[in-house]
Amino acid sequence: MNVSSAIQRRRTIRRFKNQLVPESMLIKFVDAARLAPSAGNAQPLEYITVASPSGCEKIFPHLKWARFIGGGDTPAEDKKPAAYIVVLINRNIAAKGGGHESGAAVQNILLSAIEEGYGACWLRSVDRAAIKEAFGIAGHCDVDSVVALGKPAESPITELAGDDTKYWRDDRGLLHVPKRSIDTILHKEKF
């Protein structure tokens with residue numbers, strides 16, 4: 001799969017099959033994140049991989065799913081993620097430059113996951129203090145976000161957005177994700 005194809009296919013997945021994510025895949029995803037651009041090459045990001053059933057149960061209650069869908073969109077017990085990558089910012093390093101790299105690093109994780117047949121959900125609405133305590137994260141590191149991973153058990157539909165870009169589930173539970181058209185976001189040489 002080429003990069004353009006992976007970008008086109010990448011959608012946020014919130015429903016997963018009950019299949020393990022091998023440690024080798026998690027390492028591959030973190031390695032892809034490690035190679036993302038970093039301001040001044042400071043590289044302040046660090047990662048915790050979580051794949052054991054006990055670790056997954058420890059992190060799950062501290063995540064908030066899909067704020068636009070009424071009542072949230074928390075996966076049912078049999079559709080929970082099989083693994084997670086916790087993205088950390090090492091403040092000791094970020095103080096020297098950088099600290100805003102997580103978007104590029106997480107996008108590398110998401111695209112690597114697609115390439116390997118996995119789905120992912122980038123979660124920024126998380127209880128950072130609870131995650132920090134649950135995983136014994138050092139005081140000089142902050143939780144930036146969490147990436148939930150697993151084999152996808154859903155296939156969200158991308159559609160053209162009108163005035164509203166809120167994603168939604170239809171009566172069959174199918175996730176619809178409106179995206180703005182290129183004509184509404186591209187400005188050529190002037191606004």
# chains A, B, ... in the order shown; residues from 1 in each chain; ligands from 1
>>> residues_around(residues="range 105-120 of chain A", least_positions_apart="5", cutoff="7 Å", atoms="only C-alpha atoms", output="VMD selection string")
chain A and resid 1 6 to 7 10 12 to 13 29 to 30 32 to 34 36 147 to 152
>>> write_last_selection(atoms="all heavy atoms", output="compact mmCIF listing (two decimals), in the first residue's frame")
# COMPACT_ATOMS: atom_id res chain seq x y z
N MET A 1 0.84 -1.17 0.00
CA MET A 1 0.00 0.00 0.00
C MET A 1 0.89 1.24 0.00
O MET A 1 1.85 1.31 0.73
CB MET A 1 -0.88 -0.03 1.26
CG MET A 1 -1.64 1.22 1.52
SD MET A 1 -2.62 1.25 3.04
CE MET A 1 -3.41 -0.31 3.02
N ALA A 6 -3.06 4.78 1.93
CA ALA A 6 -3.24 4.68 3.38
C ALA A 6 -3.97 5.91 3.92
O ALA A 6 -4.86 5.79 4.77
CB ALA A 6 -1.88 4.52 4.06
N ILE A 7 -3.64 7.08 3.41
CA ILE A 7 -4.31 8.31 3.84
C ILE A 7 -5.79 8.25 3.48
O ILE A 7 -6.66 8.60 4.29
CB ILE A 7 -3.64 9.55 3.23
CG1 ILE A 7 -2.25 9.75 3.83
CG2 ILE A 7 -4.50 10.81 3.40
CD1 ILE A 7 -1.39 10.77 3.10
N ARG A 10 -7.56 5.66 5.83
CA ARG A 10 -7.53 5.87 7.27
C ARG A 10 -8.80 6.56 7.76
O ARG A 10 -9.16 7.62 7.33
CB ARG A 10 -6.31 6.72 7.66
CG ARG A 10 -6.06 6.65 9.18
CD ARG A 10 -5.73 7.97 9.81
NE ARG A 10 -6.63 9.05 9.55
CZ ARG A 10 -7.75 9.31 10.24
NH1 ARG A 10 -8.14 8.53 11.21
NH2 ARG A 10 -8.51 10.34 9.92
N THR A 12 -11.04 6.86 11.70
CA THR A 12 -11.01 6.54 13.12
C THR A 12 -11.88 5.31 13.36
O THR A 12 -13.03 5.28 12.94
CB THR A 12 -11.50 7.73 13.95
OG1 THR A 12 -10.58 8.81 13.77
CG2 THR A 12 -11.59 7.38 15.41
N ILE A 13 -11.32 4.33 14.04
CA ILE A 13 -12.03 3.10 14.36
C ILE A 13 -12.29 3.07 15.86
O ILE A 13 -11.37 3.29 16.66
CB ILE A 13 -11.20 1.86 13.94
CG1 ILE A 13 -10.91 1.89 12.43
CG2 ILE A 13 -11.87 0.57 14.37
CD1 ILE A 13 -12.14 1.80 11.54
N PHE A 29 4.91 0.35 15.21
CA PHE A 29 4.16 1.59 15.23
C PHE A 29 4.91 2.69 15.99
O PHE A 29 4.96 3.84 15.56
CB PHE A 29 2.76 1.39 15.83
CG PHE A 29 1.93 0.36 15.11
CD1 PHE A 29 0.92 -0.32 15.78
CD2 PHE A 29 2.14 0.05 13.77
CE1 PHE A 29 0.14 -1.26 15.14
CE2 PHE A 29 1.36 -0.91 13.11
CZ PHE A 29 0.36 -1.55 13.80
N VAL A 30 5.52 2.34 17.12
CA VAL A 30 6.30 3.31 17.88
C VAL A 30 7.54 3.72 17.09
O VAL A 30 7.93 4.90 17.11
CB VAL A 30 6.66 2.78 19.28
CG1 VAL A 30 7.67 3.69 19.98
CG2 VAL A 30 5.40 2.63 20.14
N ALA A 32 7.73 3.97 13.90
CA ALA A 32 7.26 4.94 12.90
C ALA A 32 7.06 6.30 13.54
O ALA A 32 7.42 7.34 12.96
CB ALA A 32 5.95 4.44 12.27
N ALA A 33 6.51 6.33 14.76
CA ALA A 33 6.31 7.59 15.47
C ALA A 33 7.65 8.26 15.77
O ALA A 33 7.79 9.48 15.65
CB ALA A 33 5.55 7.34 16.77
N ARG A 34 8.62 7.46 16.15
CA ARG A 34 9.96 7.95 16.50
C ARG A 34 10.60 8.72 15.35
O ARG A 34 11.39 9.64 15.55
CB ARG A 34 10.83 6.73 16.88
CG ARG A 34 12.28 7.00 17.10
CD ARG A 34 13.03 5.69 17.36
NE ARG A 34 13.21 4.89 16.16
CZ ARG A 34 14.19 5.06 15.27
NH1 ARG A 34 15.08 6.02 15.45
NH2 ARG A 34 14.29 4.28 14.21
N ALA A 36 9.07 10.64 13.16
CA ALA A 36 8.32 11.83 12.78
C ALA A 36 9.18 13.08 12.96
O ALA A 36 10.13 13.09 13.74
CB ALA A 36 7.05 11.94 13.63
N VAL A 147 -3.44 6.23 21.79
CA VAL A 147 -3.89 5.63 20.54
C VAL A 147 -4.40 4.23 20.86
O VAL A 147 -3.67 3.40 21.39
CB VAL A 147 -2.76 5.56 19.49
CG1 VAL A 147 -3.28 4.92 18.20
CG2 VAL A 147 -2.18 6.94 19.21
N ALA A 148 -5.70 4.01 20.60
CA ALA A 148 -6.31 2.70 20.78
C ALA A 148 -6.16 1.92 19.47
O ALA A 148 -6.32 2.49 18.39
CB ALA A 148 -7.79 2.86 21.12
N LEU A 149 -5.83 0.63 19.58
CA LEU A 149 -5.53 -0.17 18.39
C LEU A 149 -6.20 -1.54 18.43
O LEU A 149 -6.46 -2.09 19.50
CB LEU A 149 -4.01 -0.39 18.30
CG LEU A 149 -3.18 0.85 18.06
CD1 LEU A 149 -1.81 0.72 18.70
CD2 LEU A 149 -3.06 1.09 16.56
N GLY A 150 -6.42 -2.09 17.26
CA GLY A 150 -6.92 -3.45 17.13
C GLY A 150 -7.37 -3.70 15.70
O GLY A 150 -7.32 -2.81 14.84
N LYS A 151 -7.80 -4.92 15.45
CA LYS A 151 -8.36 -5.25 14.14
C LYS A 151 -9.73 -4.59 14.05
O LYS A 151 -10.55 -4.71 14.96
CB LYS A 151 -8.48 -6.77 13.95
CG LYS A 151 -7.15 -7.47 13.76
CD LYS A 151 -6.56 -7.14 12.40
CE LYS A 151 -5.29 -7.94 12.17
NZ LYS A 151 -4.76 -7.71 10.82
N PRO A 152 -10.01 -3.85 12.98
CA PRO A 152 -11.26 -3.10 12.91
C PRO A 152 -12.49 -4.01 12.81
O PRO A 152 -12.47 -5.01 12.09
CB PRO A 152 -11.11 -2.24 11.66
CG PRO A 152 -9.96 -2.78 10.91
CD PRO A 152 -9.15 -3.62 11.83
>>> select_by_dssp(residues="range 44-101 of chain A", states="alpha helix (DSSP H)", output="PyMOL selection string")
chain A and resi 53-59+91-94
>>> closest_residue(among="A:Pro81, A:Arg11, A:Lys190, A:Val3", to="His176 in chain A", atoms="only C-alpha atoms")
A:Arg11
>>> residues_around(residues="Gly173 in chain A", least_positions_apart="5", cutoff="10 Å", atoms="only C-alpha atoms", output="tab-separated table (two decimals) with all heavy atoms, in the first residue's frame")
chain	number	residue	atom	x	y	z
A	154	GLU	N	-15.45	-2.33	12.24
A	154	GLU	CA	-16.36	-1.40	11.59
A	154	GLU	C	-15.64	-0.77	10.41
A	154	GLU	O	-14.40	-0.80	10.33
A	154	GLU	CB	-16.86	-0.33	12.55
A	154	GLU	CG	-15.79	0.63	13.05
A	154	GLU	CD	-16.35	1.72	13.95
A	154	GLU	OE1	-17.59	1.93	13.98
A	154	GLU	OE2	-15.55	2.37	14.63
A	156	PRO	N	-16.12	2.85	8.82
A	156	PRO	CA	-16.78	4.14	8.71
A	156	PRO	C	-16.83	4.65	7.27
A	156	PRO	O	-15.95	4.34	6.46
A	156	PRO	CB	-15.89	5.06	9.57
A	156	PRO	CG	-15.21	4.14	10.52
A	156	PRO	CD	-14.99	2.88	9.75
A	168	TRP	N	-21.55	10.86	12.93
A	168	TRP	CA	-22.77	10.31	13.49
A	168	TRP	C	-22.93	8.84	13.09
A	168	TRP	O	-22.30	8.38	12.15
A	168	TRP	CB	-23.98	11.12	13.05
A	168	TRP	CG	-24.09	11.25	11.54
A	168	TRP	CD1	-23.38	12.10	10.74
A	168	TRP	CD2	-24.94	10.50	10.68
A	168	TRP	NE1	-23.72	11.92	9.42
A	168	TRP	CE2	-24.70	10.95	9.36
A	168	TRP	CE3	-25.89	9.50	10.88
A	168	TRP	CZ2	-25.37	10.43	8.26
A	168	TRP	CZ3	-26.56	9.00	9.78
A	168	TRP	CH2	-26.29	9.46	8.49
>>> closest_residue(among="A:Glu101, A:Glu57, A:Glu77, A:Asp144", to="Ala42 in chain A", atoms="only C-alpha atoms")
A:Glu101
>>> closest_residue(among="A:Pro178, A:Ile48, A:Pro75, A:Thr158", to="Gln8 in chain A", atoms="only C-alpha atoms")
A:Thr158
>>> atom_distance(atom1="CA of His140 in chain A", atom2="CA of Ala82 in chain A")
28.0 Å
>>> select_by_dssp(residues="range 7-180 of chain A", states="strand (DSSP E)", output="number ranges by chain")
A: 45-50, 83-90, 119-123, 141-150, 157-160, 168-169, 175-179
>>> write_last_selection(atoms="C-alpha atoms", output="mmCIF file, in the first residue's frame")
data_model
loop_
_atom_site.group_PDB
_atom_site.id
_atom_site.type_symbol
_atom_site.label_atom_id
_atom_site.label_comp_id
_atom_site.auth_asym_id
_atom_site.auth_seq_id
_atom_site.Cartn_x
_atom_site.Cartn_y
_atom_site.Cartn_z
ATOM 1 C CA LEU A 45 8.075 12.192 22.836
ATOM 2 C CA GLU A 46 8.151 8.848 24.633
ATOM 3 C CA TYR A 47 5.685 5.964 24.511
ATOM 4 C CA ILE A 48 4.155 3.269 26.663
ATOM 5 C CA THR A 49 2.732 0.219 24.898
ATOM 6 C CA VAL A 50 -0.154 -1.569 26.588
ATOM 7 C CA ALA A 83 -3.843 -2.538 22.631
ATOM 8 C CA TYR A 84 -2.886 1.048 23.310
ATOM 9 C CA ILE A 85 0.052 3.375 22.836
ATOM 10 C CA VAL A 86 0.272 6.159 25.412
ATOM 11 C CA VAL A 87 2.047 9.193 23.963
ATOM 12 C CA LEU A 88 4.125 11.111 26.514
ATOM 13 C CA ILE A 89 5.902 14.458 26.393
ATOM 14 C CA ASN A 90 9.167 14.496 28.327
ATOM 15 C CA GLY A 119 -7.586 0.198 12.983
ATOM 16 C CA ALA A 120 -6.848 2.981 15.427
ATOM 17 C CA CYS A 121 -8.446 5.799 17.354
ATOM 18 C CA TRP A 122 -6.418 8.810 18.503
ATOM 19 C CA LEU A 123 -7.840 9.875 21.860
ATOM 20 C CA CYS A 141 6.496 13.383 31.634
ATOM 21 C CA ASP A 142 2.983 14.473 30.648
ATOM 22 C CA VAL A 143 0.375 12.288 28.976
ATOM 23 C CA ASP A 144 -0.335 13.856 25.583
ATOM 24 C CA SER A 145 -2.791 11.341 24.181
ATOM 25 C CA VAL A 146 -3.603 7.659 23.741
ATOM 26 C CA VAL A 147 -3.886 5.633 20.542
ATOM 27 C CA ALA A 148 -6.310 2.699 20.776
ATOM 28 C CA LEU A 149 -5.525 -0.168 18.391
ATOM 29 C CA GLY A 150 -6.923 -3.448 17.126
ATOM 30 C CA ILE A 157 -18.080 5.974 5.647
ATOM 31 C CA THR A 158 -16.520 9.259 4.555
ATOM 32 C CA GLU A 159 -18.956 11.651 2.958
ATOM 33 C CA LEU A 160 -18.968 15.245 1.802
ATOM 34 C CA TRP A 168 -22.769 10.307 13.493
ATOM 35 C CA ARG A 169 -24.069 6.726 13.536
ATOM 36 C CA LEU A 175 -20.392 5.583 11.427
ATOM 37 C CA HIS A 176 -20.609 8.498 8.973
ATOM 38 C CA VAL A 177 -17.713 10.979 8.876
ATOM 39 C CA PRO A 178 -18.350 14.224 6.956
ATOM 40 C CA LYS A 179 -15.240 15.858 5.489
#
>>> residues_around(residues="range 183-189 of chain A", least_positions_apart="5", cutoff="12 Å", atoms="only C-alpha atoms", output="VMD selection string")
chain A and resid 160 to 163
>>> decode(residues="range 25-61 of chain A", atoms="N, CA, C and O atoms", output="PDB file, in the first residue's frame")
ATOM      1  N   MET A  25       4.150  -5.582  16.342  1.00  0.00           N
ATOM      2  CA  MET A  25       3.405  -4.520  15.658  1.00  0.00           C
ATOM      3  C   MET A  25       3.471  -3.224  16.456  1.00  0.00           C
ATOM      4  O   MET A  25       3.672  -2.149  15.897  1.00  0.00           O
ATOM      5  N   LEU A  26       3.312  -3.320  17.771  1.00  0.00           N
ATOM      6  CA  LEU A  26       3.373  -2.123  18.603  1.00  0.00           C
ATOM      7  C   LEU A  26       4.749  -1.459  18.496  1.00  0.00           C
ATOM      8  O   LEU A  26       4.851  -0.233  18.410  1.00  0.00           O
ATOM      9  N   ILE A  27       5.783  -2.275  18.471  1.00  0.00           N
ATOM     10  CA  ILE A  27       7.143  -1.736  18.307  1.00  0.00           C
ATOM     11  C   ILE A  27       7.287  -1.065  16.944  1.00  0.00           C
ATOM     12  O   ILE A  27       7.858   0.023  16.826  1.00  0.00           O
ATOM     13  N   LYS A  28       6.719  -1.684  15.906  1.00  0.00           N
ATOM     14  CA  LYS A  28       6.774  -1.092  14.569  1.00  0.00           C
ATOM     15  C   LYS A  28       6.065   0.264  14.550  1.00  0.00           C
ATOM     16  O   LYS A  28       6.558   1.232  13.972  1.00  0.00           O
ATOM     17  N   PHE A  29       4.911   0.345  15.210  1.00  0.00           N
ATOM     18  CA  PHE A  29       4.155   1.595  15.231  1.00  0.00           C
ATOM     19  C   PHE A  29       4.913   2.689  15.991  1.00  0.00           C
ATOM     20  O   PHE A  29       4.960   3.843  15.556  1.00  0.00           O
ATOM     21  N   VAL A  30       5.517   2.336  17.118  1.00  0.00           N
ATOM     22  CA  VAL A  30       6.296   3.315  17.882  1.00  0.00           C
ATOM     23  C   VAL A  30       7.539   3.725  17.093  1.00  0.00           C
ATOM     24  O   VAL A  30       7.934   4.898  17.106  1.00  0.00           O
ATOM     25  N   ASP A  31       8.129   2.792  16.376  1.00  0.00           N
ATOM     26  CA  ASP A  31       9.298   3.133  15.570  1.00  0.00           C
ATOM     27  C   ASP A  31       8.917   4.136  14.480  1.00  0.00           C
ATOM     28  O   ASP A  31       9.681   5.058  14.180  1.00  0.00           O
ATOM     29  N   ALA A  32       7.730   3.974  13.898  1.00  0.00           N
ATOM     30  CA  ALA A  32       7.257   4.938  12.896  1.00  0.00           C
ATOM     31  C   ALA A  32       7.056   6.302  13.542  1.00  0.00           C
ATOM     32  O   ALA A  32       7.416   7.341  12.964  1.00  0.00           O
ATOM     33  N   ALA A  33       6.512   6.334  14.757  1.00  0.00           N
ATOM     34  CA  ALA A  33       6.312   7.595  15.472  1.00  0.00           C
ATOM     35  C   ALA A  33       7.650   8.261  15.775  1.00  0.00           C
ATOM     36  O   ALA A  33       7.793   9.482  15.653  1.00  0.00           O
ATOM     37  N   ARG A  34       8.622   7.457  16.147  1.00  0.00           N
ATOM     38  CA  ARG A  34       9.963   7.947  16.500  1.00  0.00           C
ATOM     39  C   ARG A  34      10.604   8.716  15.349  1.00  0.00           C
ATOM     40  O   ARG A  34      11.391   9.638  15.550  1.00  0.00           O
ATOM     41  N   LEU A  35      10.243   8.364  14.129  1.00  0.00           N
ATOM     42  CA  LEU A  35      10.850   8.967  12.937  1.00  0.00           C
ATOM     43  C   LEU A  35      10.119  10.214  12.453  1.00  0.00           C
ATOM     44  O   LEU A  35      10.515  10.817  11.465  1.00  0.00           O
ATOM     45  N   ALA A  36       9.075  10.636  13.165  1.00  0.00           N
ATOM     46  CA  ALA A  36       8.320  11.830  12.777  1.00  0.00           C
ATOM     47  C   ALA A  36       9.179  13.078  12.959  1.00  0.00           C
ATOM     48  O   ALA A  36      10.128  13.088  13.738  1.00  0.00           O
ATOM     49  N   PRO A  37       8.825  14.152  12.264  1.00  0.00           N
ATOM     50  CA  PRO A  37       9.558  15.401  12.430  1.00  0.00           C
ATOM     51  C   PRO A  37       9.504  15.898  13.873  1.00  0.00           C
ATOM     52  O   PRO A  37       8.519  15.669  14.578  1.00  0.00           O
ATOM     53  N   SER A  38      10.559  16.590  14.280  1.00  0.00           N
ATOM     54  CA  SER A  38      10.627  17.140  15.634  1.00  0.00           C
ATOM     55  C   SER A  38      11.349  18.485  15.572  1.00  0.00           C
ATOM     56  O   SER A  38      12.444  18.577  15.016  1.00  0.00           O
ATOM     57  N   ALA A  39      10.720  19.513  16.148  1.00  0.00           N
ATOM     58  CA  ALA A  39      11.325  20.852  16.132  1.00  0.00           C
ATOM     59  C   ALA A  39      12.712  20.814  16.756  1.00  0.00           C
ATOM     60  O   ALA A  39      12.895  20.317  17.866  1.00  0.00           O
ATOM     61  N   GLY A  40      13.687  21.310  16.039  1.00  0.00           N
ATOM     62  CA  GLY A  40      15.063  21.318  16.516  1.00  0.00           C
ATOM     63  C   GLY A  40      15.607  19.918  16.761  1.00  0.00           C
ATOM     64  O   GLY A  40      16.608  19.750  17.443  1.00  0.00           O
ATOM     65  N   ASN A  41      14.919  18.914  16.249  1.00  0.00           N
ATOM     66  CA  ASN A  41      15.260  17.510  16.450  1.00  0.00           C
ATOM     67  C   ASN A  41      15.366  17.151  17.943  1.00  0.00           C
ATOM     68  O   ASN A  41      16.113  16.274  18.352  1.00  0.00           O
ATOM     69  N   ALA A  42      14.574  17.852  18.760  1.00  0.00           N
ATOM     70  CA  ALA A  42      14.617  17.633  20.210  1.00  0.00           C
ATOM     71  C   ALA A  42      14.096  16.258  20.625  1.00  0.00           C
ATOM     72  O   ALA A  42      14.576  15.673  21.582  1.00  0.00           O
ATOM     73  N   GLN A  43      13.104  15.744  19.923  1.00  0.00           N
ATOM     74  CA  GLN A  43      12.544  14.410  20.158  1.00  0.00           C
ATOM     75  C   GLN A  43      12.055  14.218  21.602  1.00  0.00           C
ATOM     76  O   GLN A  43      12.507  13.307  22.303  1.00  0.00           O
ATOM     77  N   PRO A  44      11.088  15.036  22.056  1.00  0.00           N
ATOM     78  CA  PRO A  44      10.621  14.942  23.433  1.00  0.00           C
ATOM     79  C   PRO A  44       9.570  13.868  23.684  1.00  0.00           C
ATOM     80  O   PRO A  44       9.158  13.672  24.829  1.00  0.00           O
ATOM     81  N   LEU A  45       9.142  13.172  22.647  1.00  0.00           N
ATOM     82  CA  LEU A  45       8.075  12.192  22.836  1.00  0.00           C
ATOM     83  C   LEU A  45       8.615  10.837  23.272  1.00  0.00           C
ATOM     84  O   LEU A  45       9.658  10.380  22.798  1.00  0.00           O
ATOM     85  N   GLU A  46       7.874  10.207  24.180  1.00  0.00           N
ATOM     86  CA  GLU A  46       8.151   8.848  24.633  1.00  0.00           C
ATOM     87  C   GLU A  46       6.831   8.094  24.620  1.00  0.00           C
ATOM     88  O   GLU A  46       5.758   8.712  24.506  1.00  0.00           O
ATOM     89  N   TYR A  47       6.879   6.776  24.721  1.00  0.00           N
ATOM     90  CA  TYR A  47       5.685   5.964  24.511  1.00  0.00           C
ATOM     91  C   TYR A  47       5.622   4.814  25.505  1.00  0.00           C
ATOM     92  O   TYR A  47       6.643   4.255  25.876  1.00  0.00           O
ATOM     93  N   ILE A  48       4.403   4.475  25.876  1.00  0.00           N
ATOM     94  CA  ILE A  48       4.155   3.269  26.663  1.00  0.00           C
ATOM     95  C   ILE A  48       3.226   2.396  25.826  1.00  0.00           C
ATOM     96  O   ILE A  48       2.162   2.859  25.398  1.00  0.00           O
ATOM     97  N   THR A  49       3.621   1.152  25.582  1.00  0.00           N
ATOM     98  CA  THR A  49       2.732   0.219  24.898  1.00  0.00           C
ATOM     99  C   THR A  49       1.979  -0.589  25.947  1.00  0.00           C
ATOM    100  O   THR A  49       2.539  -0.972  26.970  1.00  0.00           O
ATOM    101  N   VAL A  50       0.714  -0.828  25.677  1.00  0.00           N
ATOM    102  CA  VAL A  50      -0.154  -1.569  26.588  1.00  0.00           C
ATOM    103  C   VAL A  50      -0.904  -2.606  25.757  1.00  0.00           C
ATOM    104  O   VAL A  50      -1.652  -2.249  24.849  1.00  0.00           O
ATOM    105  N   ALA A  51      -0.686  -3.890  26.049  1.00  0.00           N
ATOM    106  CA  ALA A  51      -1.361  -4.936  25.287  1.00  0.00           C
ATOM    107  C   ALA A  51      -1.881  -6.082  26.150  1.00  0.00           C
ATOM    108  O   ALA A  51      -2.662  -6.894  25.674  1.00  0.00           O
ATOM    109  N   SER A  52      -1.469  -6.146  27.393  1.00  0.00           N
ATOM    110  CA  SER A  52      -1.964  -7.225  28.259  1.00  0.00           C
ATOM    111  C   SER A  52      -3.424  -6.942  28.614  1.00  0.00           C
ATOM    112  O   SER A  52      -3.840  -5.779  28.683  1.00  0.00           O
ATOM    113  N   PRO A  53      -4.212  -7.982  28.852  1.00  0.00           N
ATOM    114  CA  PRO A  53      -5.600  -7.754  29.254  1.00  0.00           C
ATOM    115  C   PRO A  53      -5.714  -6.875  30.500  1.00  0.00           C
ATOM    116  O   PRO A  53      -6.558  -5.977  30.554  1.00  0.00           O
ATOM    117  N   SER A  54      -4.838  -7.078  31.478  1.00  0.00           N
ATOM    118  CA  SER A  54      -4.909  -6.272  32.700  1.00  0.00           C
ATOM    119  C   SER A  54      -4.546  -4.815  32.408  1.00  0.00           C
ATOM    120  O   SER A  54      -5.162  -3.886  32.940  1.00  0.00           O
ATOM    121  N   GLY A  55      -3.552  -4.587  31.570  1.00  0.00           N
ATOM    122  CA  GLY A  55      -3.175  -3.226  31.202  1.00  0.00           C
ATOM    123  C   GLY A  55      -4.276  -2.526  30.422  1.00  0.00           C
ATOM    124  O   GLY A  55      -4.565  -1.347  30.655  1.00  0.00           O
ATOM    125  N   CYS A  56      -4.913  -3.265  29.512  1.00  0.00           N
ATOM    126  CA  CYS A  56      -6.016  -2.693  28.725  1.00  0.00           C
ATOM    127  C   CYS A  56      -7.185  -2.323  29.624  1.00  0.00           C
ATOM    128  O   CYS A  56      -7.807  -1.271  29.442  1.00  0.00           O
ATOM    129  N   GLU A  57      -7.487  -3.165  30.597  1.00  0.00           N
ATOM    130  CA  GLU A  57      -8.573  -2.867  31.538  1.00  0.00           C
ATOM    131  C   GLU A  57      -8.221  -1.680  32.421  1.00  0.00           C
ATOM    132  O   GLU A  57      -9.092  -0.913  32.825  1.00  0.00           O
ATOM    133  N   LYS A  58      -6.941  -1.515  32.696  1.00  0.00           N
ATOM    134  CA  LYS A  58      -6.484  -0.413  33.548  1.00  0.00           C
ATOM    135  C   LYS A  58      -6.638   0.944  32.847  1.00  0.00           C
ATOM    136  O   LYS A  58      -6.972   1.937  33.472  1.00  0.00           O
ATOM    137  N   ILE A  59      -6.440   0.984  31.546  1.00  0.00           N
ATOM    138  CA  ILE A  59      -6.485   2.260  30.833  1.00  0.00           C
ATOM    139  C   ILE A  59      -7.882   2.615  30.330  1.00  0.00           C
ATOM    140  O   ILE A  59      -8.265   3.789  30.288  1.00  0.00           O
ATOM    141  N   PHE A  60      -8.669   1.622  29.965  1.00  0.00           N
ATOM    142  CA  PHE A  60      -9.965   1.857  29.305  1.00  0.00           C
ATOM    143  C   PHE A  60     -10.887   2.839  30.043  1.00  0.00           C
ATOM    144  O   PHE A  60     -11.482   3.713  29.402  1.00  0.00           O
ATOM    145  N   PRO A  61     -11.046   2.739  31.368  1.00  0.00           N
ATOM    146  CA  PRO A  61     -11.975   3.652  32.055  1.00  0.00           C
ATOM    147  C   PRO A  61     -11.560   5.124  32.009  1.00  0.00           C
ATOM    148  O   PRO A  61     -12.362   6.000  32.321  1.00  0.00           O
TER     149      PRO A  61
END
